[in-house]
>>> print(open('work34.tsv').read())   # TSV, C-alpha atoms
chain	number	residue	atom	x	y	z
A	169	MET	CA	23.29	-62.17	-19.51
A	170	GLN	CA	22.49	-59.19	-21.70
A	171	SER	CA	18.82	-59.43	-20.82
A	172	LYS	CA	19.64	-59.41	-17.08
A	173	THR	CA	21.79	-56.30	-17.51
A	174	TYR	CA	19.02	-54.61	-19.46
A	175	SER	CA	16.48	-55.58	-16.81
A	176	ARG	CA	18.66	-54.16	-14.05
A	177	TRP	CA	19.09	-50.94	-16.00
A	178	ILE	CA	15.32	-50.59	-16.45
A	179	THR	CA	14.78	-51.35	-12.77
A	180	GLY	CA	17.32	-48.70	-11.76
A	181	VAL	CA	15.70	-46.09	-13.98
A	182	LEU	CA	12.25	-46.91	-12.58
A	183	ILE	CA	13.52	-46.67	-9.00
A	184	PHE	CA	15.20	-43.34	-9.77
A	185	LEU	CA	12.01	-41.97	-11.37
A	186	GLY	CA	9.99	-43.24	-8.41
A	187	ILE	CA	12.28	-41.42	-5.97
A	188	ILE	CA	12.04	-38.22	-8.04
A	189	ILE	CA	8.25	-38.44	-8.18
A	190	ALA	CA	8.04	-39.15	-4.45
A	191	LEU	CA	10.25	-36.16	-3.65
A	192	ARG	CA	8.19	-33.97	-5.96
A	193	LEU	CA	4.96	-35.04	-4.29
A	194	ALA	CA	6.43	-34.54	-0.80
A	195	LEU	CA	8.09	-31.19	-1.53
A	196	PRO	CA	5.00	-28.96	-1.06
A	197	TYR	CA	4.23	-30.59	2.30
A	198	ALA	CA	7.84	-30.22	3.42
A	199	VAL	CA	7.87	-26.53	2.48
A	200	GLU	CA	4.51	-25.99	4.21
A	201	TRP	CA	5.85	-27.64	7.38
A	202	TYR	CA	9.05	-25.55	7.31
A	203	VAL	CA	7.29	-22.23	6.77
A	204	ASN	CA	4.64	-22.88	9.44
A	205	ARG	CA	7.33	-23.88	11.90
A	206	MET	CA	9.31	-20.73	11.10
A	207	LEU	CA	6.25	-18.49	11.55
A	208	SER	CA	5.15	-20.10	14.79
A	209	GLU	CA	8.43	-19.98	16.70
A	210	PRO	CA	9.28	-16.82	18.72
A	211	GLU	CA	12.62	-16.42	16.95
A	212	GLY	CA	11.37	-17.76	13.64
A	213	PHE	CA	12.23	-14.94	11.25
A	214	ALA	CA	13.42	-12.18	13.59
A	215	GLY	CA	16.64	-13.92	14.65
A	216	ASN	CA	17.59	-14.61	18.25
A	217	GLU	CA	17.91	-11.00	19.46
A	218	THR	CA	14.27	-10.26	20.27
A	219	PRO	CA	11.16	-12.44	20.05
A	220	GLN	CA	8.92	-11.61	17.13
A	221	GLU	CA	5.63	-9.90	17.86
A	222	PHE	CA	3.57	-11.92	15.42
A	223	VAL	CA	2.77	-15.56	14.86
A	224	GLY	CA	1.57	-16.92	11.54
A	225	ARG	CA	0.62	-19.82	9.37
A	226	VAL	CA	0.18	-20.72	5.70
A	227	GLY	CA	-2.23	-23.09	4.01
A	228	ASP	CA	-1.56	-25.14	0.90
A	229	VAL	CA	1.76	-24.78	-0.90
A	230	ASP	CA	1.90	-25.19	-4.68
A	231	ILE	CA	5.19	-25.66	-6.50
A	232	MET	CA	5.41	-25.16	-10.26
A	233	LEU	CA	8.91	-26.31	-11.18
A	234	TRP	CA	8.27	-26.00	-14.90
A	235	ARG	CA	8.09	-22.22	-14.63
A	236	GLY	CA	10.24	-21.64	-11.57
A	237	ALA	CA	7.43	-20.59	-9.24
A	238	TYR	CA	5.77	-21.54	-5.97
A	239	SER	CA	2.90	-20.09	-3.99
A	240	PHE	CA	1.42	-20.03	-0.49
A	241	GLU	CA	-2.32	-19.92	0.10
A	242	ASP	CA	-4.20	-18.47	3.08
A	243	ILE	CA	-1.29	-16.65	4.70
A	244	VAL	CA	-2.09	-15.10	8.11
A	245	LEU	CA	0.08	-13.18	10.59
A	246	VAL	CA	-1.58	-12.19	13.88
A	247	LYS	CA	-0.38	-10.57	17.08
A	248	ARG	CA	1.10	-13.25	19.31
A	249	ASN	CA	-0.59	-12.09	22.53
A	250	GLY	CA	-4.07	-12.56	21.02
A	251	LYS	CA	-5.29	-9.10	22.09
A	252	VAL	CA	-5.88	-7.80	18.54
A	253	LYS	CA	-8.66	-9.43	16.54
A	254	GLU	CA	-7.62	-7.96	13.18
A	255	PRO	CA	-4.81	-9.92	11.51
A	256	PHE	CA	-1.74	-7.85	10.81
A	257	ILE	CA	-1.22	-9.48	7.42
A	258	LYS	CA	-3.32	-11.94	5.50
A	259	ALA	CA	-3.56	-12.90	1.84
A	260	ASN	CA	-5.48	-15.40	-0.23
A	261	GLU	CA	-2.30	-16.24	-2.13
A	262	VAL	CA	1.29	-15.09	-2.46
A	263	GLU	CA	3.22	-16.29	-5.49
A	264	PHE	CA	6.99	-16.12	-5.93
A	265	SER	CA	8.39	-16.73	-9.41
A	266	LEU	CA	11.55	-16.41	-11.44
A	267	LEU	CA	11.46	-13.64	-14.04
A	268	TRP	CA	12.32	-15.55	-17.20
A	269	SER	CA	12.46	-12.37	-19.30
A	270	ALA	CA	15.13	-11.00	-16.95
A	271	LEU	CA	16.99	-14.33	-16.96
A	272	LEU	CA	17.37	-14.06	-20.75
A	273	ASP	CA	19.10	-10.71	-20.11
A	274	GLY	CA	21.48	-12.34	-17.64
A	275	ALA	CA	19.72	-11.20	-14.43
A	276	PHE	CA	18.71	-13.78	-11.81
A	277	VAL	CA	15.76	-11.97	-10.18
A	278	GLY	CA	12.19	-12.73	-9.27
A	279	SER	CA	8.72	-11.32	-8.92
A	280	ILE	CA	6.03	-11.46	-6.24
A	281	ASN	CA	2.28	-11.48	-6.85
A	282	LEU	CA	-0.01	-10.89	-3.88
A	283	TYR	CA	-3.68	-11.75	-4.35
A	284	GLN	CA	-6.17	-10.02	-2.05
A	285	PRO	CA	-3.59	-9.12	0.59
A	286	GLU	CA	-4.72	-7.23	3.69
A	287	LEU	CA	-2.66	-5.10	6.08
A	288	ASN	CA	-4.19	-3.83	9.35
A	289	PHE	CA	-2.84	-1.15	11.67
A	290	VAL	CA	-4.33	-0.69	15.14
A	291	ASP	CA	-3.92	2.38	17.35
A	292	SER	CA	-4.30	2.04	21.11
A	293	LYS	CA	-3.00	3.67	24.28
A	294	ASP	CA	-2.27	0.14	25.47
A	295	LYS	CA	0.85	-0.96	23.57
A	296	THR	CA	-0.15	-4.61	23.89
A	297	LYS	CA	-3.26	-3.82	21.83
A	298	ALA	CA	-1.51	-1.59	19.27
A	299	GLN	CA	-0.32	-3.04	15.98
A	300	SER	CA	2.15	-1.46	13.57
A	301	GLY	CA	4.86	-4.04	12.88
A	302	LYS	CA	7.53	-1.34	12.86
A	303	ASP	CA	10.01	-3.33	14.97
A	304	GLU	CA	9.80	-6.58	12.99
A	305	LYS	CA	12.56	-7.65	10.60
A	306	TRP	CA	10.41	-8.18	7.53
A	307	LEU	CA	13.36	-8.31	5.13
A	308	VAL	CA	14.65	-11.36	7.01
A	309	LEU	CA	11.29	-13.06	6.48
A	310	ALA	CA	11.28	-12.13	2.79
A	311	ASP	CA	14.80	-13.49	2.34
A	312	GLN	CA	13.88	-16.77	3.99
A	313	LEU	CA	10.77	-17.21	1.87
A	314	PHE	CA	12.37	-16.13	-1.41
A	315	PRO	CA	16.16	-15.88	-1.70
A	316	LEU	CA	16.19	-14.06	-5.06
A	317	LYS	CA	16.25	-10.28	-5.39
A	318	ILE	CA	12.77	-8.95	-6.10
A	319	ASP	CA	12.56	-6.83	-9.24
A	320	GLN	CA	8.79	-6.75	-9.72
A	321	LEU	CA	5.90	-6.57	-7.26
A	322	ARG	CA	2.22	-6.79	-8.11
A	323	ILE	CA	-0.74	-6.43	-5.73
A	324	HIS	CA	-4.19	-7.58	-6.84
A	325	LYS	CA	-7.27	-6.30	-4.94
A	326	GLY	CA	-5.38	-5.40	-1.78
A	327	LYS	CA	-6.64	-3.66	1.36
A	328	ILE	CA	-5.13	-1.46	4.08
A	329	GLY	CA	-7.09	-0.95	7.29
A	330	PHE	CA	-6.75	1.40	10.27
A	331	HIS	CA	-8.55	0.67	13.54
A	332	ASN	CA	-8.97	2.16	17.00
A	333	THR	CA	-11.28	0.27	19.34
A	334	ASP	CA	-10.42	2.36	22.43
A	335	VAL	CA	-12.87	5.11	21.45
A	336	GLU	CA	-16.64	5.18	21.14
A	337	PRO	CA	-17.73	4.93	18.38
A	338	GLU	CA	-14.82	2.80	17.17
A	339	VAL	CA	-12.67	3.91	14.24
A	340	HIS	CA	-12.50	1.57	11.27
A	341	LEU	CA	-11.10	2.89	7.98
A	342	SER	CA	-9.90	1.09	4.90
A	343	LEU	CA	-8.40	1.62	1.49
A	344	HIS	CA	-9.54	-1.32	-0.60
A	345	ASP	CA	-9.38	-2.76	-4.12
A	346	ILE	CA	-5.74	-1.71	-4.34
A	347	ASP	CA	-4.02	-2.67	-7.59
A	348	LEU	CA	-0.29	-1.94	-7.70
A	349	ILE	CA	2.65	-2.71	-9.92
A	350	ALA	CA	6.24	-1.81	-9.08
A	351	GLN	CA	9.12	-2.48	-11.49
A	352	ASN	CA	12.92	-2.25	-11.61
A	353	LEU	CA	13.16	-2.55	-7.83
A	354	VAL	CA	16.72	-3.86	-8.09
A	355	ASN	CA	17.60	-0.74	-10.12
A	356	SER	CA	19.49	-2.58	-12.83
A	357	ARG	CA	20.33	-1.27	-16.29
A	358	ASP	CA	20.25	-4.89	-17.43
A	359	LEU	CA	16.50	-4.85	-16.80
A	360	SER	CA	15.57	-1.27	-17.64
A	361	ARG	CA	16.83	1.67	-19.65
A	362	ASP	CA	17.78	3.47	-16.42
A	363	LEU	CA	18.12	2.95	-12.64
A	364	VAL	CA	14.69	4.40	-11.85
A	365	ALA	CA	12.18	2.27	-9.97
A	366	ARG	CA	8.58	2.90	-10.99
A	367	VAL	CA	5.33	2.40	-9.10
A	368	GLN	CA	1.75	2.75	-10.25
A	369	ALA	CA	-1.22	2.14	-7.95
A	370	GLN	CA	-4.93	2.73	-7.58
A	371	GLY	CA	-7.40	2.07	-4.77
A	372	GLN	CA	-10.87	2.84	-3.43
A	373	THR	CA	-11.72	4.61	-0.18
A	374	GLU	CA	-14.57	3.21	1.92
A	375	ASP	CA	-17.93	3.53	0.10
A	376	ALA	CA	-16.90	6.29	-2.30
A	377	GLY	CA	-13.67	7.75	-3.59
A	378	THR	CA	-10.69	6.78	-5.73
A	379	LEU	CA	-6.98	7.27	-5.09
A	380	LYS	CA	-4.36	7.14	-7.88
A	381	PHE	CA	-0.62	7.15	-7.38
A	382	HIS	CA	2.33	7.30	-9.79
A	383	ALA	CA	5.92	7.52	-8.64
A	384	SER	CA	9.49	7.10	-9.82
A	385	LEU	CA	12.55	6.86	-7.59
A	386	ASP	CA	16.23	7.07	-8.50
A	387	PRO	CA	18.38	5.53	-5.73
A	388	SER	CA	21.67	6.27	-7.49
A	389	THR	CA	21.77	9.86	-6.20
A	390	LYS	CA	23.24	10.83	-2.83
A	391	ASN	CA	20.06	12.58	-1.68
A	392	PRO	CA	16.45	11.51	-2.39
A	393	THR	CA	15.44	11.96	-6.04
A	394	PHE	CA	11.84	11.13	-6.90
A	395	ASP	CA	8.77	12.23	-8.80
A	396	ILE	CA	5.32	11.65	-7.30
A	397	ASP	CA	1.85	12.32	-8.67
A	398	ALA	CA	-1.14	11.52	-6.45
A	399	GLN	CA	-4.81	12.22	-6.94
A	400	ALA	CA	-7.96	11.66	-4.89
A	401	GLU	CA	-11.40	11.90	-6.45
A	402	GLY	CA	-14.78	11.98	-4.74
A	403	VAL	CA	-13.64	10.84	-1.29
A	404	ALA	CA	-16.74	10.89	0.94
A	405	LEU	CA	-15.73	12.66	4.16
A	406	VAL	CA	-18.64	11.28	6.16
A	407	ASN	CA	-16.82	7.92	6.11
A	408	PHE	CA	-14.05	9.58	8.15
A	409	LYS	CA	-16.39	11.07	10.75
A	410	ASN	CA	-15.31	8.78	13.60
A	411	PHE	CA	-11.67	9.30	12.69
A	412	LEU	CA	-12.02	13.11	12.68
A	413	ASP	CA	-13.98	13.03	15.94
A	414	THR	CA	-11.04	11.18	17.53
A	415	TYR	CA	-7.99	12.78	15.94
A	416	ALA	CA	-9.13	16.25	14.76
A	417	PRO	CA	-10.49	19.27	16.66
A	418	PHE	CA	-13.57	19.35	14.41
A	419	ASP	CA	-15.87	16.94	12.61
A	420	LEU	CA	-17.54	16.97	9.22
A	421	GLU	CA	-21.20	16.07	8.84
A	422	ALA	CA	-21.10	15.91	5.02
A	423	GLY	CA	-18.92	16.67	2.02
A	424	SER	CA	-16.39	15.13	-0.33
A	425	LEU	CA	-12.72	15.70	-1.12
A	426	ASP	CA	-10.74	15.97	-4.34
A	427	LEU	CA	-6.98	16.28	-4.01
A	428	ALA	CA	-4.16	16.75	-6.49
A	429	LEU	CA	-0.55	16.41	-5.33
A	430	GLU	CA	2.65	16.73	-7.34
A	431	LEU	CA	6.07	16.50	-5.71
A	432	ALA	CA	9.52	16.24	-7.29
A	433	SER	CA	12.79	16.04	-5.41
A	434	ASP	CA	16.01	16.63	-7.34
A	435	ASN	CA	18.83	15.33	-5.14
A	436	GLY	CA	17.11	16.47	-1.95
A	437	LYS	CA	15.59	19.74	-3.21
A	438	ILE	CA	11.82	19.43	-3.27
A	439	SER	CA	9.21	21.36	-5.23
A	440	GLY	CA	5.54	20.87	-5.92
A	441	TYR	CA	2.07	21.66	-4.65
A	442	ALA	CA	-1.00	20.24	-2.94
A	443	LYS	CA	-4.44	21.24	-4.17
A	444	PRO	CA	-7.33	20.18	-1.89
A	445	VAL	CA	-10.90	20.81	-3.03
A	446	LEU	CA	-13.76	20.29	-0.55
A	447	HIS	CA	-17.26	19.94	-2.03
A	448	ASN	CA	-20.58	20.45	-0.23
A	449	VAL	CA	-18.90	20.69	3.16
A	450	GLU	CA	-21.11	20.70	6.23
A	451	VAL	CA	-19.15	21.39	9.42
A	452	PHE	CA	-22.09	21.90	11.80
A	453	SER	CA	-25.38	20.09	12.12
A	454	TRP	CA	-27.73	20.64	15.06
A	455	LYS	CA	-29.01	17.07	14.85
A	456	GLY	CA	-25.60	15.52	14.30
A	457	ASP	CA	-23.53	17.62	16.72
A	458	ILE	CA	-25.98	18.63	19.47
A	459	GLU	CA	-28.68	15.94	19.54
A	460	GLU	CA	-26.66	12.85	18.52
A	461	ASP	CA	-23.08	13.69	19.56
A	462	GLY	CA	-24.13	15.65	22.66
A	463	ASP	CA	-21.62	18.48	22.08
A	464	GLY	CA	-21.60	21.04	24.87
A	465	PHE	CA	-22.17	24.79	24.54
A	466	PHE	CA	-18.57	25.73	23.75
A	467	GLU	CA	-18.01	22.81	21.38
A	468	GLY	CA	-21.22	23.63	19.55
A	469	LEU	CA	-20.31	27.34	19.40
A	470	THR	CA	-16.87	26.52	17.97
A	471	GLU	CA	-18.35	24.33	15.27
A	472	MET	CA	-20.99	26.98	14.45
A	473	LEU	CA	-18.23	29.57	13.99
A	474	SER	CA	-16.31	27.10	11.82
A	475	ALA	CA	-19.42	26.61	9.69
A	476	PHE	CA	-19.83	30.41	9.38
A	477	VAL	CA	-16.21	30.88	8.25
A	478	THR	CA	-16.58	27.97	5.83
A	479	GLU	CA	-19.66	29.57	4.32
A	480	ILE	CA	-17.85	32.89	3.82
A	481	PHE	CA	-14.95	31.39	1.89
A	482	GLU	CA	-17.01	28.94	-0.12
A	483	ASN	CA	-17.46	29.34	-3.87
A	484	GLN	CA	-21.24	29.61	-3.90
A	485	SER	CA	-21.81	28.53	-7.51
A	486	GLU	CA	-19.77	25.34	-7.15
A	487	ASP	CA	-20.38	24.87	-3.40
A	488	GLN	CA	-16.70	24.20	-2.72
A	489	ILE	CA	-13.69	25.39	-0.73
A	490	ALA	CA	-10.29	25.02	-2.37
A	491	THR	CA	-6.75	26.33	-2.47
A	492	ARG	CA	-3.37	25.60	-3.95
A	493	ILE	CA	-0.52	25.10	-1.46
A	494	PRO	CA	2.96	25.50	-3.00
A	495	ILE	CA	5.73	23.33	-1.52
A	496	GLU	CA	9.41	24.27	-1.85
A	497	GLY	CA	12.70	23.77	-0.01
A	498	SER	CA	14.82	20.89	1.22
A	499	ILE	CA	13.42	17.42	1.79
A	500	GLU	CA	14.20	17.72	5.53
A	501	GLU	CA	12.37	21.03	6.00
A	502	PRO	CA	9.93	21.73	3.15
A	503	ASP	CA	8.27	25.16	3.23
A	504	THR	CA	4.54	25.56	2.60
A	505	ALA	CA	3.86	29.21	1.76
A	506	ILE	CA	0.99	30.63	3.86
A	507	ILE	CA	0.14	33.78	1.86
A	508	PRO	CA	-0.23	32.00	-1.53
A	509	SER	CA	-2.40	29.38	0.18
A	510	ILE	CA	-4.71	32.09	1.60
A	511	LEU	CA	-4.80	33.85	-1.76
A	512	GLY	CA	-5.77	30.52	-3.31
A	513	ILE	CA	-8.76	30.25	-0.97
A	514	LEU	CA	-9.87	33.78	-1.90
A	515	LYS	CA	-9.37	33.14	-5.62
A	516	ASN	CA	-11.50	30.00	-5.46
A	517	ALA	CA	-14.21	31.76	-3.44
A	518	PHE	CA	-14.54	35.03	-5.32
A	519	ILE	CA	-12.87	34.72	-8.74
A	520	ARG	CA	-12.87	31.23	-10.23
A	521	ALA	CA	-13.51	27.78	-8.82
A	522	MET	CA	-10.47	25.50	-8.80
A	523	GLN	CA	-10.44	22.05	-10.33
A	524	GLY	CA	-8.99	19.14	-8.36
A	525	ASP	CA	-7.00	17.73	-11.28
A	526	LEU	CA	-3.26	17.37	-11.81
A	527	GLU	CA	-1.56	20.29	-13.51
A	528	ASN	CA	1.43	18.26	-14.78
A	529	SER	CA	3.56	21.28	-13.93
A	530	VAL	CA	6.13	19.55	-11.69
A	531	GLU	CA	8.65	17.08	-13.07
A	532	LEU	CA	12.29	16.09	-13.04
A	533	GLU	CA	14.60	16.37	-15.99
A	534	GLN	CA	14.50	12.60	-16.39
A	535	PRO	CA	11.35	11.02	-17.86
A	536	LYS	CA	8.35	10.89	-15.58
A	537	THR	CA	6.72	7.66	-14.45
A	538	ASP	CA	5.77	5.52	-17.41
A	539	GLU	CA	2.47	3.71	-17.65
A	540	LEU	CA	3.31	0.21	-16.43
A	541	GLU	CA	1.50	-2.40	-18.43
A	542	PRO	CA	1.60	-6.03	-17.31
A	543	SER	CA	2.65	-8.61	-19.85
A	544	GLU	CA	0.12	-10.84	-21.58
A	545	THR	CA	1.32	-13.74	-19.45
A	546	GLU	CA	0.69	-11.81	-16.22
A	547	ASN	CA	-2.77	-10.81	-17.43
A	548	ALA	CA	-3.61	-14.43	-18.13
A	549	GLU	CA	-2.38	-15.50	-14.68
A	550	SER	CA	-4.36	-12.71	-13.03
A	551	ASP	CA	-7.55	-13.69	-14.86
A	552	ASN	CA	-7.16	-17.27	-13.64
A	553	LYS	CA	-7.14	-16.15	-10.01
>>> encode(input="work34.tsv", output="structure tokens")
Amino acid sequence: MQSKTYSRWITGVLIFLGIIIALRLALPYAVEWYVNRMLSEPEGFAGNETPQEFVGRVGDVDIMLWRGAYSFEDIVLVKRNGKVKEPFIKANEVEFSLLWSALLDGAFVGSINLYQPELNFVDSKDKTKAQSGKDEKWLVLADQLFPLKIDQLRIHKGKIGFHNTDVEPEVHLSLHDIDLIAQNLVNSRDLSRDLVARVQAQGQTEDAGTLKFHASLDPSTKNPTFDIDAQAEGVALVNFKNFLDTYAPFDLEAGSLDLALELASDNGKISGYAKPVLHNVEVFSWKGDIEEDGDGFFEGLTEMLSAFVTEIFENQSEDQIATRIPIEGSIEEPDTAIIPSILGILKNAFIRAMQGDLENSVELEQPKTDELEPSETENAESDNK
């Protein structure tokens, strides 16, 4: 009798373990089916008010219960009408995970890691061919995919593209190799020494040029309070030729850009500066503008005059045009002083060449953006990707 009871107990345990194992094996496929169904239906993540503009799919789903994480591979969101060939969003992998370090401090929050994500914007006079995603309810989608509050976001080798295929030649621009880390997004003193969210990012522009960005934001104030440092180095302007031909009244045949920008807003009162430095600028080229672009007499004359003015105000020893533009006032109507900006051009041309580096002269009373270093665990995970 005792042996039969023992045998039944063993059988029950084995059946229970079998059910658990079967559920564990089926869970990724069930999640994949649910997410793909949600992304493919017109009212999938946007609710029932208006049909969503995009349709999407995900590939394999991996669930790592032992560390409270799961991931989607090969995520793609495209315009539903099929008239835009560039996907609006795609990523090799998106991983959602519980922040165990925050859990030990009593905060139930999570983190998101995006590996090689890509975001594409398309400009077109035909709204059915334009792509911005501004009317979509992305927070609803995020809540459905990951119900926890997000405290940390990391982007690995991301890309942002801008396209316009209505014009000839077509406009295709991109900021690539974007690495970003944002922390304290839930603005909790349980997770940080203050309520300030911090962002640090870096990316590459086309074939040449680097952008760096540091920011801190305090949402506890009534009006916007933030501190931003941005810097561009060696941005090749020839890569923007098609863009300038389409959206600007002039084009650039050669040259590069350095830019330093510091902005601080203390409860809605903004102060700072922008310091653009143009190197080796060539506004007019007979071959480029007249022979290849076919500019008419008046267009060619305008660009020749622009080249003449550029030459006058260029620092001849450094072959650059630069100025410093002070920015002051309220966040709604910031004032950029004209006279100091003109004086800056003259100073660069005839007195001393400006450098396109940050001055570190604009900051809030609170500490500026800290260097955000990923943990050793995050570094290991990133190396494995």
>>> atom_distance(input="work34.tsv", atom1="CA of Leu266 in chain A", atom2="CA of Lys317 in chain A")
9.8 Å
>>> axis_aligned_box(input="work34.tsv", around="range 323-335 of chain A", padding_each_side="6 Å", output="JSON")
{"center_x": -6.8, "center_y": -1.2, "center_z": 7.8, "size_x": 24.1, "size_y": 24.7, "size_z": 41.3}
>>> closest_residue(input="work34.tsv", among="A:Ala350, A:Val226, A:Leu309, A:Ile187", to="Phe381 in chain A", atoms="all atoms listed in the file")
A:Ala350
>>> atom_distance(input="work34.tsv", atom1="CA of Val530 in chain A", atom2="CA of Gln399 in chain A")
14.0 Å
>>> atom_distance(input="work34.tsv", atom1="CA of Asp397 in chain A", atom2="CA of Gly326 in chain A")
20.3 Å
>>> closest_residue(input="work34.tsv", among="A:Ala198, A:Ile188, A:Ala259, A:Leu343", to="Gln284 in chain A", atoms="only C-alpha atoms")
A:Ala259
>>> residues_around(input="work34.tsv", residues="Gly524 in chain A", least_positions_apart="6", cutoff="10 Å", atoms="all atoms listed in the file", output="MDAnalysis selection string")
chainID A and resid 399:402 425:429 442:446 490:492
>>> decode(input="work34.tsv", residues="range 337-358 of chain A", atoms="N, CA and C atoms", output="PDB file, in the first residue's frame")
ATOM      1  N   PRO A 337      18.077  64.670 -57.788  1.00  0.00           N
ATOM      2  CA  PRO A 337      18.292  63.331 -57.233  1.00  0.00           C
ATOM      3  C   PRO A 337      17.594  63.154 -55.877  1.00  0.00           C
ATOM      4  N   GLU A 338      17.312  61.913 -55.513  1.00  0.00           N
ATOM      5  CA  GLU A 338      16.628  61.620 -54.265  1.00  0.00           C
ATOM      6  C   GLU A 338      17.488  62.000 -53.055  1.00  0.00           C
ATOM      7  N   VAL A 339      16.811  62.276 -51.946  1.00  0.00           N
ATOM      8  CA  VAL A 339      17.489  62.623 -50.702  1.00  0.00           C
ATOM      9  C   VAL A 339      17.499  61.396 -49.789  1.00  0.00           C
ATOM     10  N   HIS A 340      18.689  60.998 -49.393  1.00  0.00           N
ATOM     11  CA  HIS A 340      18.844  59.905 -48.440  1.00  0.00           C
ATOM     12  C   HIS A 340      19.942  60.294 -47.451  1.00  0.00           C
ATOM     13  N   LEU A 341      19.556  60.543 -46.214  1.00  0.00           N
ATOM     14  CA  LEU A 341      20.503  60.915 -45.164  1.00  0.00           C
ATOM     15  C   LEU A 341      20.373  59.938 -44.004  1.00  0.00           C
ATOM     16  N   SER A 342      21.461  59.778 -43.271  1.00  0.00           N
ATOM     17  CA  SER A 342      21.373  58.897 -42.110  1.00  0.00           C
ATOM     18  C   SER A 342      22.378  59.306 -41.043  1.00  0.00           C
ATOM     19  N   LEU A 343      21.976  59.080 -39.813  1.00  0.00           N
ATOM     20  CA  LEU A 343      22.859  59.139 -38.660  1.00  0.00           C
ATOM     21  C   LEU A 343      22.979  57.703 -38.174  1.00  0.00           C
ATOM     22  N   HIS A 344      24.189  57.157 -38.194  1.00  0.00           N
ATOM     23  CA  HIS A 344      24.335  55.727 -37.939  1.00  0.00           C
ATOM     24  C   HIS A 344      25.315  55.469 -36.793  1.00  0.00           C
ATOM     25  N   ASP A 345      25.455  54.200 -36.437  1.00  0.00           N
ATOM     26  CA  ASP A 345      26.311  53.792 -35.319  1.00  0.00           C
ATOM     27  C   ASP A 345      25.986  54.588 -34.059  1.00  0.00           C
ATOM     28  N   ILE A 346      24.705  54.713 -33.783  1.00  0.00           N
ATOM     29  CA  ILE A 346      24.256  55.462 -32.602  1.00  0.00           C
ATOM     30  C   ILE A 346      24.332  54.553 -31.369  1.00  0.00           C
ATOM     31  N   ASP A 347      25.067  55.001 -30.376  1.00  0.00           N
ATOM     32  CA  ASP A 347      25.107  54.337 -29.073  1.00  0.00           C
ATOM     33  C   ASP A 347      24.534  55.305 -28.050  1.00  0.00           C
ATOM     34  N   LEU A 348      23.548  54.854 -27.309  1.00  0.00           N
ATOM     35  CA  LEU A 348      22.843  55.735 -26.362  1.00  0.00           C
ATOM     36  C   LEU A 348      22.552  54.983 -25.073  1.00  0.00           C
ATOM     37  N   ILE A 349      22.659  55.709 -23.969  1.00  0.00           N
ATOM     38  CA  ILE A 349      22.203  55.182 -22.689  1.00  0.00           C
ATOM     39  C   ILE A 349      21.445  56.290 -21.966  1.00  0.00           C
ATOM     40  N   ALA A 350      20.246  55.946 -21.516  1.00  0.00           N
ATOM     41  CA  ALA A 350      19.412  56.879 -20.743  1.00  0.00           C
ATOM     42  C   ALA A 350      19.062  56.210 -19.424  1.00  0.00           C
ATOM     43  N   GLN A 351      19.194  56.939 -18.312  1.00  0.00           N
ATOM     44  CA  GLN A 351      18.964  56.385 -16.986  1.00  0.00           C
ATOM     45  C   GLN A 351      18.049  57.271 -16.156  1.00  0.00           C
ATOM     46  N   ASN A 352      17.455  56.638 -15.144  1.00  0.00           N
ATOM     47  CA  ASN A 352      16.539  57.308 -14.209  1.00  0.00           C
ATOM     48  C   ASN A 352      15.343  57.916 -14.936  1.00  0.00           C
ATOM     49  N   LEU A 353      14.811  57.182 -15.912  1.00  0.00           N
ATOM     50  CA  LEU A 353      13.685  57.688 -16.688  1.00  0.00           C
ATOM     51  C   LEU A 353      12.398  57.742 -15.877  1.00  0.00           C
ATOM     52  N   VAL A 354      12.310  56.966 -14.802  1.00  0.00           N
ATOM     53  CA  VAL A 354      11.125  57.048 -13.946  1.00  0.00           C
ATOM     54  C   VAL A 354      11.287  58.126 -12.876  1.00  0.00           C
ATOM     55  N   ASN A 355      12.474  58.769 -12.862  1.00  0.00           N
ATOM     56  CA  ASN A 355      12.718  59.903 -11.958  1.00  0.00           C
ATOM     57  C   ASN A 355      12.397  59.545 -10.511  1.00  0.00           C
ATOM     58  N   SER A 356      13.094  58.530 -10.022  1.00  0.00           N
ATOM     59  CA  SER A 356      12.856  58.047  -8.662  1.00  0.00           C
ATOM     60  C   SER A 356      14.092  58.236  -7.802  1.00  0.00           C
ATOM     61  N   ARG A 357      13.908  58.786  -6.605  1.00  0.00           N
ATOM     62  CA  ARG A 357      15.012  58.911  -5.662  1.00  0.00           C
ATOM     63  C   ARG A 357      15.421  57.554  -5.100  1.00  0.00           C
ATOM     64  N   ASP A 358      14.568  56.547  -5.264  1.00  0.00           N
ATOM     65  CA  ASP A 358      14.947  55.203  -4.851  1.00  0.00           C
ATOM     66  C   ASP A 358      16.032  54.629  -5.761  1.00  0.00           C
TER      67      ASP A 358
END
